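final14.tsv (TSV, C-alpha atoms) appears below.
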chain	number	residue	atom	x	y	z
A	1	MET	CA	27.19	93.15	35.18
A	2	ASP	CA	25.00	93.39	32.07
A	3	ASN	CA	25.18	90.33	29.91
A	4	PRO	CA	24.05	91.19	26.37
A	5	VAL	CA	21.49	88.97	24.74
A	6	HIS	CA	22.53	87.28	21.55
A	7	ALA	CA	20.32	87.45	18.48
A	8	THR	CA	19.18	83.89	19.06
A	9	GLY	CA	17.82	84.85	22.47
A	10	GLN	CA	20.72	83.25	24.31
A	11	ARG	CA	23.10	85.31	26.41
A	12	MET	CA	26.63	85.79	25.19
A	13	PRO	CA	29.22	83.94	27.27
A	14	HIS	CA	31.47	85.99	29.50
A	15	ASP	CA	34.66	84.27	28.44
A	16	SER	CA	36.18	83.66	25.06
A	17	ALA	CA	34.41	81.49	22.54
A	18	PRO	CA	35.48	80.17	19.17
A	19	ALA	CA	35.47	83.11	16.78
A	20	ASP	CA	33.12	81.35	14.38
A	21	ALA	CA	30.76	80.03	17.06
A	22	GLN	CA	28.36	82.91	16.70
A	23	ARG	CA	28.33	86.09	14.67
A	24	LEU	CA	28.39	89.37	16.55
A	25	TYR	CA	25.71	91.15	14.57
A	26	PHE	CA	26.18	94.40	16.45
A	27	LEU	CA	29.59	94.85	14.78
A	28	ASP	CA	27.82	94.96	11.42
A	29	TRP	CA	25.43	97.58	12.76
A	30	ILE	CA	28.32	99.66	14.07
A	31	ARG	CA	29.97	99.55	10.67
A	32	ILE	CA	26.74	100.49	8.91
A	33	CYS	CA	26.03	103.41	11.23
A	34	ALA	CA	29.64	104.61	11.12
A	35	PHE	CA	29.56	104.87	7.33
A	36	CYS	CA	26.24	106.73	7.51
A	37	VAL	CA	27.86	109.19	9.93
A	38	LEU	CA	30.72	109.53	7.45
A	39	VAL	CA	28.34	110.79	4.75
A	40	CYS	CA	27.07	113.49	7.10
A	41	PHE	CA	30.61	114.35	8.24
A	42	HIS	CA	31.93	114.78	4.71
A	43	THR	CA	28.95	116.94	3.84
A	44	GLY	CA	29.74	119.00	6.94
A	45	LEU	CA	33.32	119.52	5.74
A	46	TYR	CA	31.91	121.38	2.76
A	47	TYR	CA	30.48	123.98	5.16
A	48	GLY	CA	33.09	123.88	7.92
A	49	PRO	CA	36.31	125.85	8.50
A	50	TRP	CA	38.69	122.95	7.80
A	51	ALA	CA	40.40	122.46	4.44
A	52	TRP	CA	38.55	120.21	2.00
A	53	HIS	CA	38.33	119.55	-1.73
A	54	VAL	CA	35.56	122.09	-2.39
A	55	LYS	CA	34.04	124.68	-0.07
A	56	SER	CA	30.64	126.32	0.22
A	57	ALA	CA	30.28	130.08	0.00
A	58	TYR	CA	28.72	129.77	3.46
A	59	ALA	CA	31.67	127.89	4.95
A	60	GLY	CA	32.66	129.05	8.42
A	61	PRO	CA	33.31	128.05	12.04
A	62	ALA	CA	29.66	127.70	13.09
A	63	ILE	CA	29.52	123.98	12.23
A	64	GLU	CA	32.87	123.11	13.82
A	65	PRO	CA	31.36	121.78	17.10
A	66	LEU	CA	29.29	119.29	15.09
A	67	LEU	CA	32.38	118.19	13.16
A	68	LEU	CA	34.22	117.72	16.46
A	69	LEU	CA	31.39	115.48	17.65
A	70	THR	CA	32.56	112.71	15.30
A	71	SER	CA	35.99	113.71	14.00
A	72	PRO	CA	38.11	112.24	16.85
A	73	TRP	CA	36.68	108.72	16.77
A	74	ARG	CA	34.82	107.78	13.58
A	75	MET	CA	37.78	106.30	11.65
A	76	SER	CA	39.28	104.66	14.74
A	77	LEU	CA	35.95	102.93	15.29
A	78	LEU	CA	35.97	101.64	11.71
A	79	PHE	CA	39.50	100.28	12.14
A	80	LEU	CA	38.43	98.52	15.35
A	81	VAL	CA	35.46	96.89	13.62
A	82	SER	CA	37.57	96.04	10.56
A	83	GLY	CA	40.15	94.42	12.83
A	84	ALA	CA	37.43	92.36	14.48
A	85	ALA	CA	36.13	91.29	11.05
A	86	SER	CA	39.66	90.25	10.10
A	87	GLY	CA	39.93	88.26	13.32
A	88	PHE	CA	36.77	86.33	12.48
A	89	LEU	CA	37.89	85.74	8.90
A	90	LEU	CA	41.25	84.41	10.08
A	91	SER	CA	39.46	81.85	12.22
A	92	LYS	CA	37.81	80.40	9.12
A	93	ALA	CA	40.61	80.47	6.54
A	94	SER	CA	44.29	79.72	6.18
A	95	ASP	CA	46.74	82.60	6.34
A	96	ALA	CA	47.33	82.49	2.58
A	97	LYS	CA	43.63	82.34	1.72
A	98	PHE	CA	42.85	85.16	4.14
A	99	LEU	CA	45.50	87.42	2.62
A	100	ARG	CA	44.49	86.53	-0.93
A	101	GLU	CA	40.81	87.23	-0.34
A	102	ARG	CA	41.42	90.47	1.55
A	103	THR	CA	43.82	91.69	-1.14
A	104	SER	CA	41.23	91.07	-3.82
A	105	ARG	CA	38.50	92.64	-1.72
A	106	LEU	CA	40.51	95.81	-0.93
A	107	LEU	CA	43.09	96.48	-3.63
A	108	VAL	CA	40.81	96.04	-6.64
A	109	PRO	CA	38.32	98.71	-5.46
A	110	LEU	CA	41.22	100.95	-4.38
A	111	VAL	CA	42.95	100.92	-7.77
A	112	PHE	CA	39.65	101.22	-9.63
A	113	GLY	CA	38.53	104.00	-7.32
A	114	MET	CA	41.70	106.02	-7.85
A	115	ALA	CA	41.32	105.72	-11.63
A	116	VAL	CA	37.54	106.12	-11.99
A	117	VAL	CA	35.71	107.16	-8.80
A	118	VAL	CA	38.06	109.81	-7.36
A	119	PRO	CA	38.88	111.88	-10.51
A	120	PRO	CA	35.53	113.75	-10.57
A	121	GLN	CA	36.34	115.02	-7.07
A	122	SER	CA	39.73	116.28	-8.20
A	123	TYR	CA	38.19	117.82	-11.33
A	124	CYS	CA	35.74	119.85	-9.24
A	125	GLU	CA	38.59	120.82	-6.94
A	126	ALA	CA	40.76	121.94	-9.87
A	127	ILE	CA	37.92	124.08	-11.25
A	128	GLU	CA	37.18	125.74	-7.90
A	129	LYS	CA	40.68	126.23	-6.49
A	130	MET	CA	42.88	126.49	-9.58
A	131	GLY	CA	40.54	127.95	-12.16
A	132	TYR	CA	40.91	124.95	-14.45
A	133	ASN	CA	38.82	125.44	-17.58
A	134	GLY	CA	39.57	122.35	-19.63
A	135	SER	CA	37.17	119.49	-20.33
A	136	TYR	CA	36.86	116.53	-18.01
A	137	LEU	CA	38.49	114.21	-20.56
A	138	ASP	CA	41.47	116.54	-20.86
A	139	PHE	CA	41.71	116.73	-17.09
A	140	LEU	CA	41.45	112.96	-16.72
A	141	GLN	CA	44.33	112.39	-19.12
A	142	ARG	CA	46.55	114.79	-17.19
A	143	TYR	CA	45.37	113.38	-13.85
A	144	LEU	CA	46.13	109.76	-14.74
A	145	TRP	CA	49.58	110.72	-16.03
A	146	ALA	CA	50.30	112.56	-12.74
A	147	ASP	CA	50.69	115.93	-14.45
A	148	PRO	CA	51.97	118.34	-11.75
A	149	GLY	CA	51.11	121.48	-13.74
A	150	PHE	CA	47.70	122.31	-12.29
A	151	CYS	CA	49.19	125.11	-10.20
A	152	PRO	CA	52.55	126.82	-9.61
A	153	GLY	CA	54.95	124.51	-7.83
A	154	GLY	CA	52.88	121.45	-8.75
A	155	ASP	CA	52.07	120.68	-5.12
A	156	CYS	CA	48.39	121.57	-4.85
A	157	LEU	CA	46.66	118.48	-6.27
A	158	ALA	CA	47.67	114.86	-5.76
A	159	SER	CA	47.23	112.99	-9.02
A	160	PRO	CA	46.36	110.24	-9.11
A	161	GLY	CA	45.20	110.32	-5.50
A	162	TRP	CA	43.00	108.24	-3.25
A	163	ASN	CA	41.20	111.04	-1.36
A	164	HIS	CA	38.66	109.34	0.96
A	165	LEU	CA	39.84	105.89	-0.16
A	166	TRP	CA	42.94	106.26	2.02
A	167	PHE	CA	41.07	104.10	4.54
A	168	VAL	CA	41.10	101.18	2.09
A	169	ALA	CA	44.85	101.54	1.49
A	170	TYR	CA	45.60	101.64	5.21
A	171	LEU	CA	43.28	98.71	5.87
A	172	TRP	CA	45.08	96.58	3.29
A	173	VAL	CA	48.50	97.41	4.76
A	174	TYR	CA	47.27	96.57	8.27
A	175	THR	CA	45.73	93.36	6.96
A	176	VAL	CA	49.07	92.32	5.45
A	177	ALA	CA	50.82	93.13	8.75
A	178	LEU	CA	48.25	91.08	10.67
A	179	SER	CA	48.64	88.15	8.29
A	180	PHE	CA	52.42	88.10	8.72
A	181	THR	CA	52.06	88.47	12.48
A	182	VAL	CA	49.80	85.43	12.60
A	183	ALA	CA	52.16	83.47	10.36
A	184	ILE	CA	55.14	84.27	12.61
A	185	ALA	CA	53.55	84.13	16.06
A	186	GLY	CA	50.97	81.42	15.41
A	187	ARG	CA	47.25	81.45	16.08
A	188	GLU	CA	47.52	79.98	19.57
A	189	ARG	CA	49.79	82.78	20.75
A	190	LEU	CA	47.43	85.39	19.35
A	191	GLU	CA	44.52	83.68	21.06
A	192	ARG	CA	46.41	83.83	24.36
A	193	ALA	CA	47.28	87.46	23.67
A	194	GLY	CA	43.60	88.19	23.15
A	195	ARG	CA	42.66	86.57	26.47
A	196	TRP	CA	45.43	88.47	28.26
A	197	LEU	CA	44.33	91.73	26.68
A	198	CYS	CA	40.75	91.18	27.82
A	199	GLY	CA	42.03	90.63	31.33
A	200	MET	CA	43.96	93.89	31.16
A	201	LEU	CA	41.06	95.87	29.73
A	202	ALA	CA	38.70	95.34	32.64
A	203	GLY	CA	37.20	97.91	34.96
A	204	TRP	CA	38.91	101.30	35.02
A	205	ARG	CA	41.77	99.96	32.89
A	206	ALA	CA	39.37	99.51	29.95
A	207	VAL	CA	38.94	103.29	29.95
A	208	VAL	CA	42.29	104.63	31.10
A	209	LEU	CA	44.87	102.46	29.32
A	210	PRO	CA	43.69	102.88	25.69
A	211	ALA	CA	42.86	106.58	26.19
A	212	THR	CA	46.33	107.16	27.63
A	213	ALA	CA	48.02	105.31	24.77
A	214	ILE	CA	46.11	107.41	22.20
A	215	ALA	CA	46.95	110.63	24.07
A	216	VAL	CA	50.65	109.75	24.25
A	217	ALA	CA	50.72	108.99	20.51
A	218	ARG	CA	49.14	112.34	19.71
A	219	ALA	CA	51.35	114.33	22.07
A	220	ALA	CA	54.53	112.68	20.76
A	221	LEU	CA	53.81	112.37	17.03
A	222	PHE	CA	51.10	114.78	15.90
A	223	PRO	CA	53.16	117.99	16.29
A	224	ARG	CA	55.86	116.51	14.06
A	225	PHE	CA	53.97	114.45	11.47
A	226	GLY	CA	50.46	115.85	11.50
A	227	ASP	CA	47.56	114.06	9.81
A	228	THR	CA	48.50	113.36	6.17
A	229	HIS	CA	46.64	110.21	5.01
A	230	ALA	CA	49.61	109.71	2.67
A	231	LEU	CA	50.56	106.30	4.16
A	232	VAL	CA	54.34	106.58	3.96
A	233	ASP	CA	54.75	109.54	6.34
A	234	ASP	CA	51.56	109.33	8.41
A	235	TRP	CA	53.21	108.05	11.58
A	236	TYR	CA	50.80	109.64	14.02
A	237	ASN	CA	47.78	107.97	12.44
A	238	HIS	CA	49.61	104.66	12.15
A	239	ALA	CA	50.45	104.82	15.86
A	240	VAL	CA	46.71	105.12	16.59
A	241	TYR	CA	44.93	103.17	13.86
A	242	PHE	CA	47.08	100.06	13.66
A	243	PRO	CA	46.98	99.25	17.41
A	244	ILE	CA	43.21	99.77	17.37
A	245	PHE	CA	42.92	97.51	14.31
A	246	LEU	CA	45.07	94.89	16.05
A	247	LEU	CA	42.98	95.25	19.23
A	248	GLY	CA	39.86	94.46	17.20
A	249	ALA	CA	41.50	91.39	15.70
A	250	LEU	CA	42.65	90.10	19.10
A	251	VAL	CA	39.36	90.56	20.95
A	252	ALA	CA	37.05	89.59	18.08
A	253	GLY	CA	36.03	86.28	19.62
A	254	GLN	CA	36.58	87.32	23.23
A	255	HIS	CA	33.06	88.06	24.45
A	256	ARG	CA	34.46	89.21	27.77
A	257	PHE	CA	35.69	92.42	26.12
A	258	TRP	CA	32.33	93.24	24.53
A	259	ASN	CA	30.52	92.47	27.78
A	260	GLU	CA	32.84	94.84	29.62
A	261	ALA	CA	32.14	97.56	27.05
A	262	ALA	CA	28.41	97.03	27.63
A	263	ARG	CA	28.88	97.29	31.39
A	264	LEU	CA	30.84	100.52	31.09
A	265	ARG	CA	28.73	102.11	28.37
A	266	PHE	CA	27.10	104.87	30.45
A	267	ALA	CA	30.33	105.90	32.17
A	268	ALA	CA	32.12	105.90	28.81
A	269	LEU	CA	29.34	107.99	27.26
A	270	ALA	CA	29.57	110.58	30.04
A	271	LEU	CA	33.33	110.85	29.62
A	272	ALA	CA	32.98	111.07	25.84
A	273	LEU	CA	30.46	113.93	26.03
A	274	GLY	CA	32.61	115.73	28.58
A	275	GLY	CA	35.62	115.28	26.32
A	276	TRP	CA	33.68	116.70	23.37
A	277	ALA	CA	32.65	119.77	25.38
A	278	ALA	CA	36.26	120.35	26.46
A	279	LEU	CA	37.42	119.84	22.86
A	280	VAL	CA	35.01	122.53	21.65
A	281	CYS	CA	36.36	124.91	24.28
A	282	LEU	CA	39.96	124.23	23.31
A	283	HIS	CA	39.19	124.90	19.64
A	284	ALA	CA	37.46	128.14	20.62
A	285	LEU	CA	40.60	129.57	22.25
A	286	PRO	CA	42.23	132.48	20.41
A	287	ALA	CA	44.99	131.57	17.98
A	288	GLU	CA	47.79	132.86	20.22
A	289	ALA	CA	46.63	130.53	23.02
A	290	ARG	CA	46.54	127.46	20.76
A	291	ASP	CA	50.27	127.06	20.71
A	292	GLY	CA	52.97	125.71	22.94
A	293	PRO	CA	53.51	122.37	24.70
A	294	ARG	CA	50.85	122.88	27.38
A	295	PHE	CA	48.07	123.38	24.85
A	296	LEU	CA	49.26	120.41	22.77
A	297	LEU	CA	49.33	118.19	25.86
A	298	ALA	CA	45.86	119.33	26.93
A	299	MET	CA	44.53	118.71	23.42
A	300	ALA	CA	46.09	115.24	23.33
A	301	CYS	CA	44.58	114.26	26.70
A	302	VAL	CA	41.12	115.62	25.92
A	303	ARG	CA	41.01	114.23	22.40
A	304	GLY	CA	42.36	110.83	23.46
A	305	THR	CA	39.70	110.56	26.18
A	306	CYS	CA	36.92	111.63	23.82
A	307	GLN	CA	38.18	109.30	21.09
A	308	TRP	CA	38.44	106.10	23.10
A	309	CYS	CA	35.46	106.65	25.40
A	310	THR	CA	33.18	107.25	22.43
A	311	ILE	CA	34.40	104.02	20.81
A	312	LEU	CA	33.84	102.14	24.08
A	313	ALA	CA	30.37	103.64	24.50
A	314	VAL	CA	29.35	102.84	20.91
A	315	CYS	CA	30.55	99.24	21.27
A	316	GLY	CA	28.82	98.90	24.63
A	317	PHE	CA	25.43	100.25	23.54
A	318	ALA	CA	25.55	98.33	20.27
A	319	CYS	CA	26.47	95.11	22.07
A	320	ARG	CA	23.60	95.61	24.49
A	321	HIS	CA	20.89	96.70	22.04
A	322	LEU	CA	21.88	95.95	18.43
A	323	ASN	CA	23.00	92.32	18.46
A	324	ILE	CA	20.11	91.42	16.17
A	325	ASP	CA	19.88	89.93	12.71
A	326	GLY	CA	17.38	90.43	9.95
A	327	PRO	CA	16.96	91.30	6.25
A	328	ALA	CA	17.91	94.95	6.88
A	329	ARG	CA	21.26	94.01	8.44
A	330	ARG	CA	22.07	91.56	5.66
A	331	TYR	CA	21.15	94.03	2.92
A	332	LEU	CA	23.01	96.98	4.45
A	333	THR	CA	26.08	94.88	5.26
A	334	GLY	CA	26.34	94.00	1.58
A	335	ALA	CA	25.78	97.60	0.49
A	336	VAL	CA	27.86	99.64	2.90
A	337	PHE	CA	31.31	99.20	1.32
A	338	CYS	CA	30.02	100.14	-2.13
A	339	ILE	CA	28.30	103.19	-0.64
A	340	TYR	CA	31.53	104.18	1.08
A	341	ILE	CA	33.44	104.01	-2.21
A	342	VAL	CA	31.05	106.27	-4.16
A	343	HIS	CA	29.65	108.60	-1.50
A	344	GLN	CA	32.30	111.35	-1.44
A	345	THR	CA	32.36	111.72	-5.20
A	346	LEU	CA	28.59	112.19	-5.13
A	347	ILE	CA	28.90	114.80	-2.35
A	348	VAL	CA	31.55	116.82	-4.20
A	349	VAL	CA	29.77	116.68	-7.56
A	350	LEU	CA	26.38	117.52	-6.02
A	351	ALA	CA	27.84	120.40	-4.00
A	352	THR	CA	29.50	121.82	-7.12
A	353	ALA	CA	26.33	121.47	-9.18
A	354	LEU	CA	24.11	123.06	-6.51
A	355	LYS	CA	26.40	126.01	-5.74
A	356	PRO	CA	25.03	128.30	-8.51
A	357	LEU	CA	21.49	127.90	-7.09
A	358	SER	CA	22.45	129.72	-3.86
A	359	ILE	CA	20.19	127.53	-1.72
A	360	ALA	CA	20.21	128.32	2.00
A	361	PRO	CA	23.02	126.27	3.61
A	362	PHE	CA	20.88	124.19	5.98
A	363	THR	CA	18.48	123.24	3.18
A	364	GLU	CA	21.31	122.65	0.73
A	365	ALA	CA	23.11	120.36	3.17
A	366	GLY	CA	19.93	118.31	3.61
A	367	VAL	CA	19.52	118.04	-0.16
A	368	ILE	CA	23.14	116.90	-0.57
A	369	VAL	CA	22.82	114.25	2.15
A	370	VAL	CA	19.53	112.91	0.79
A	371	LEU	CA	20.71	112.81	-2.82
A	372	THR	CA	24.00	111.21	-1.78
A	373	PHE	CA	22.22	108.36	-0.02
A	374	VAL	CA	19.71	107.96	-2.86
A	375	GLY	CA	22.46	107.98	-5.47
A	376	SER	CA	24.67	105.61	-3.48
A	377	PHE	CA	21.92	103.04	-3.00
A	378	ALA	CA	20.86	103.38	-6.63
A	379	MET	CA	24.41	102.65	-7.73
A	380	PHE	CA	24.60	99.66	-5.39
A	381	GLU	CA	21.31	98.30	-6.75
A	382	ALA	CA	22.67	98.58	-10.29
A	383	ILE	CA	26.13	97.20	-9.50
A	384	ARG	CA	24.95	94.15	-7.59
A	385	ARG	CA	23.00	93.09	-10.69
A	386	MET	CA	26.11	93.28	-12.90
A	387	ALA	CA	28.63	90.64	-11.90
A	388	VAL	CA	31.39	92.24	-13.97
A	389	LEU	CA	31.26	95.43	-11.85
A	390	GLN	CA	30.94	93.88	-8.41
A	391	PRO	CA	34.68	93.40	-7.65
A	392	PHE	CA	35.45	97.03	-8.55
A	393	PHE	CA	32.99	98.40	-5.98
A	394	GLY	CA	33.63	95.88	-3.21
A	395	VAL	CA	30.31	94.09	-3.67
A	396	SER	CA	30.50	90.47	-2.59
A	397	PRO	CA	28.87	88.25	-5.24
A	398	SER	CA	27.42	85.93	-2.60
A	399	ARG	CA	25.88	88.82	-0.66
A	400	ALA	CA	24.55	90.41	-3.82
A	401	ALA	CA	22.92	87.16	-4.90
A	402	MET	CA	21.53	86.62	-1.40
A	403	ALA	CA	20.03	90.11	-1.38
A	404	VAL	CA	18.37	89.55	-4.75
A	405	ARG	CA	16.92	86.24	-3.55
A	406	GLU	CA	15.61	87.84	-0.36
A	407	ARG	CA	13.94	90.63	-2.30
A	408	ALA	CA	12.33	88.08	-4.65
A	409	THR	CA	11.10	86.03	-1.68
A	410	GLU	CA	9.65	89.11	0.00
A	411	ALA	CA	7.91	90.08	-3.24
A	412	ARG	CA	6.36	86.61	-3.58
A	413	ILE	CA	5.16	86.69	0.03
A	414	ALA	CA	3.67	90.16	-0.44
A	415	GLY	CA	1.87	89.00	-3.57
A	416	ARG	CA	0.06	86.15	-1.85
Turn the structure described in the file into structure tokens.
Amino acid sequence: MDNPVHATGQRMPHDSAPADAQRLYFLDWIRICAFCVLVCFHTGLYYGPWAWHVKSAYAGPAIEPLLLLTSPWRMSLLFLVSGAASGFLLSKASDAKFLRERTSRLLVPLVFGMAVVVPPQSYCEAIEKMGYNGSYLDFLQRYLWADPGFCPGGDCLASPGWNHLWFVAYLWVYTVALSFTVAIAGRERLERAGRWLCGMLAGWRAVVLPATAIAVARAALFPRFGDTHALVDDWYNHAVYFPIFLLGALVAGQHRFWNEAARLRFAALALALGGWAALVCLHALPAEARDGPRFLLAMACVRGTCQWCTILAVCGFACRHLNIDGPARRYLTGAVFCIYIVHQTLIVVLATALKPLSIAPFTEAGVIVVLTFVGSFAMFEAIRRMAVLQPFFGVSPSRAAMAVRERATEARIAGR
């Protein structure tokens, strides 16, 4: 079995180790890469056939296979990594301190984002879909007061809403649930549960059991509840995301799980690619064939396999090849949450501003992606230098200060 090499040059132990004994740097790299994929995915939604806040004049089904390449697994992967991060944080802090710090870290950017970051997205959406012709300040006043009168029936625009920040809301709720679980069950029981879970998720069971659980959740709940991101009625997503978040928390310090993912990475990748190909074929069926219990069951099985096997493959390859530290990891780890908060607003505003230019779609998409990354990093560079803004964009003061010191050190070295 492959035994991944730790960043220090030492091999990771096969069995569990104290959660704070060594940092799993590859989890940071997974999180960084997943958020980068999210920027490309949200740009793709502008051109794809699925409903989104604004749509390109070139929108159509041609890009759907690319959207399906990441749609089943990207958020589940982020919940797994977030659960693992919560597991490590719990090992270093009391239950009360953990909950207090995570609440500050998540709820402050969420509330600020709903009031400041998200409204430009909704303004562009109101202009495009509802023909709104008022000023942004007029819109903002109506938006913040939850005015339902943007369209007949008042059901077309959530105001105030969290749009892409739903992930932060869900993550906070899951964090609270984890904190209470630890308080009730105790840390020793959760540690034993993590070891038992690693024993269960070995060999073929590491592939079949989670994929089956995800497929069952989709087959049972998706037809009834759909995919709402509204928190209170999103039972299908809760049935998938919370167990994956809890799995991450339980196996965070259990190196046996990550080693098993590394051992199974090629098999998981093959199954994931096969699942994606089958998913594309299912979506290509005529509308009359995409109905009925047999199709829903086939979709649940294929999507569940693709979803979990991709997560397992990503964790395995990252564990094997990306367990490395350096200035780039430290900088990007400090930046990625801020970039997540601002990126979709930049995409929507840029897409709206570029639409009158009638740029060819492939070129326009590249311009939007590039400008989104440039704008996101520029905002992070500005925010990390202003302590008063850091909590509102999820920028850790310690990481921001560390990044500034590292850049100053590098500049001094380069000047010698």
Atom-to-atom span, CA of Leu38 (chain A) and CA of Ala217 (chain A), Å: 23.9 Å
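For the atom pair formed by CA of Arg385 (chain A) and CA of Cys338 (chain A), the distance is 13.1 Å, given to one decimal.
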Under the rule of at most 10 Å, produce a per-residue listing of region 167-278 of chain A near region 109-125 of chain A: chain, number, name, the closest pair of atoms, and the distance in Å, as JSON lines, using only C-alpha atoms.
{"residue": "A:Phe167", "atom": "CA", "partner": "A:Leu110", "partner_atom": "CA", "distance": 9.5}
{"residue": "A:Val168", "atom": "CA", "partner": "A:Leu110", "partner_atom": "CA", "distance": 6.5}
{"residue": "A:Ala169", "atom": "CA", "partner": "A:Leu110", "partner_atom": "CA", "distance": 6.9}
{"residue": "A:Trp172", "atom": "CA", "partner": "A:Leu110", "partner_atom": "CA", "distance": 9.6}
Nearest to Lys129 (chain A) by atom-to-atom distance, counting all atoms listed in the file, from A:Ala252, A:Ala202, A:Ala272, A:Ala51: A:Ala51
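Put simply, CA of Gly292 (chain A) is 29.4 Å away from CA of Leu77 (chain A).
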Shell of 12 Å around Gln390 (chain A), all atoms listed in the file, local chain residues under 5 positions omitted, as a PyMOL selection string: chain A and resi 104-105+108-109+112+334-335+337-338+379-385+395-401
Resulting file, chosen residues, C-alpha atoms, as a PDB file, in the coordinates of the input:
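again08.pdb, written as the output of this step:
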ATOM      1  CA  SER A 104      41.230  91.070  -3.820  1.00  0.00           C
ATOM      2  CA  ARG A 105      38.500  92.640  -1.720  1.00  0.00           C
ATOM      3  CA  VAL A 108      40.810  96.040  -6.640  1.00  0.00           C
ATOM      4  CA  PRO A 109      38.320  98.710  -5.460  1.00  0.00           C
ATOM      5  CA  PHE A 112      39.650 101.220  -9.630  1.00  0.00           C
ATOM      6  CA  GLY A 334      26.340  94.000   1.580  1.00  0.00           C
ATOM      7  CA  ALA A 335      25.780  97.600   0.490  1.00  0.00           C
ATOM      8  CA  PHE A 337      31.310  99.200   1.320  1.00  0.00           C
ATOM      9  CA  CYS A 338      30.020 100.140  -2.130  1.00  0.00           C
ATOM     10  CA  MET A 379      24.410 102.650  -7.730  1.00  0.00           C
ATOM     11  CA  PHE A 380      24.600  99.660  -5.390  1.00  0.00           C
ATOM     12  CA  GLU A 381      21.310  98.300  -6.750  1.00  0.00           C
ATOM     13  CA  ALA A 382      22.670  98.580 -10.290  1.00  0.00           C
ATOM     14  CA  ILE A 383      26.130  97.200  -9.500  1.00  0.00           C
ATOM     15  CA  ARG A 384      24.950  94.150  -7.590  1.00  0.00           C
ATOM     16  CA  ARG A 385      23.000  93.090 -10.690  1.00  0.00           C
ATOM     17  CA  VAL A 395      30.310  94.090  -3.670  1.00  0.00           C
ATOM     18  CA  SER A 396      30.500  90.470  -2.590  1.00  0.00           C
ATOM     19  CA  PRO A 397      28.870  88.250  -5.240  1.00  0.00           C
ATOM     20  CA  SER A 398      27.420  85.930  -2.600  1.00  0.00           C
ATOM     21  CA  ARG A 399      25.880  88.820  -0.660  1.00  0.00           C
ATOM     22  CA  ALA A 400      24.550  90.410  -3.820  1.00  0.00           C
ATOM     23  CA  ALA A 401      22.920  87.160  -4.900  1.00  0.00           C
TER      24      ALA A 401
END
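Between Val81 (chain A) and the candidates A:Arg31, A:Arg263, A:Arg290, A:Lys355, the tightest atom-to-atom separation, counting only C-alpha atoms, involves A:Arg31.
Among the candidates A:Arg195, A:His53, A:His164, A:Lys97, the residue lying nearest to Thr352 (chain A) is A:His53 (atoms considered: only C-alpha atoms).
Using all atoms listed in the file, the shortest contact distance between Trp258 (chain A) and any of A:Leu271, A:Ile311, A:Leu350, A:Ala211 is found at A:Ile311.
Distances from A:Pro243, A:Pro356, A:Gly248, A:Pro72 to Val302 (chain A) were compared using all atoms listed in the file, and the smallest one belongs to A:Pro72.
With all atoms listed in the file as the atoms that count, the minimum distance from Ile359 (chain A) to the choices A:Ser56, A:Ser94, A:Thr181, A:Asn133 is reached by A:Ser56.
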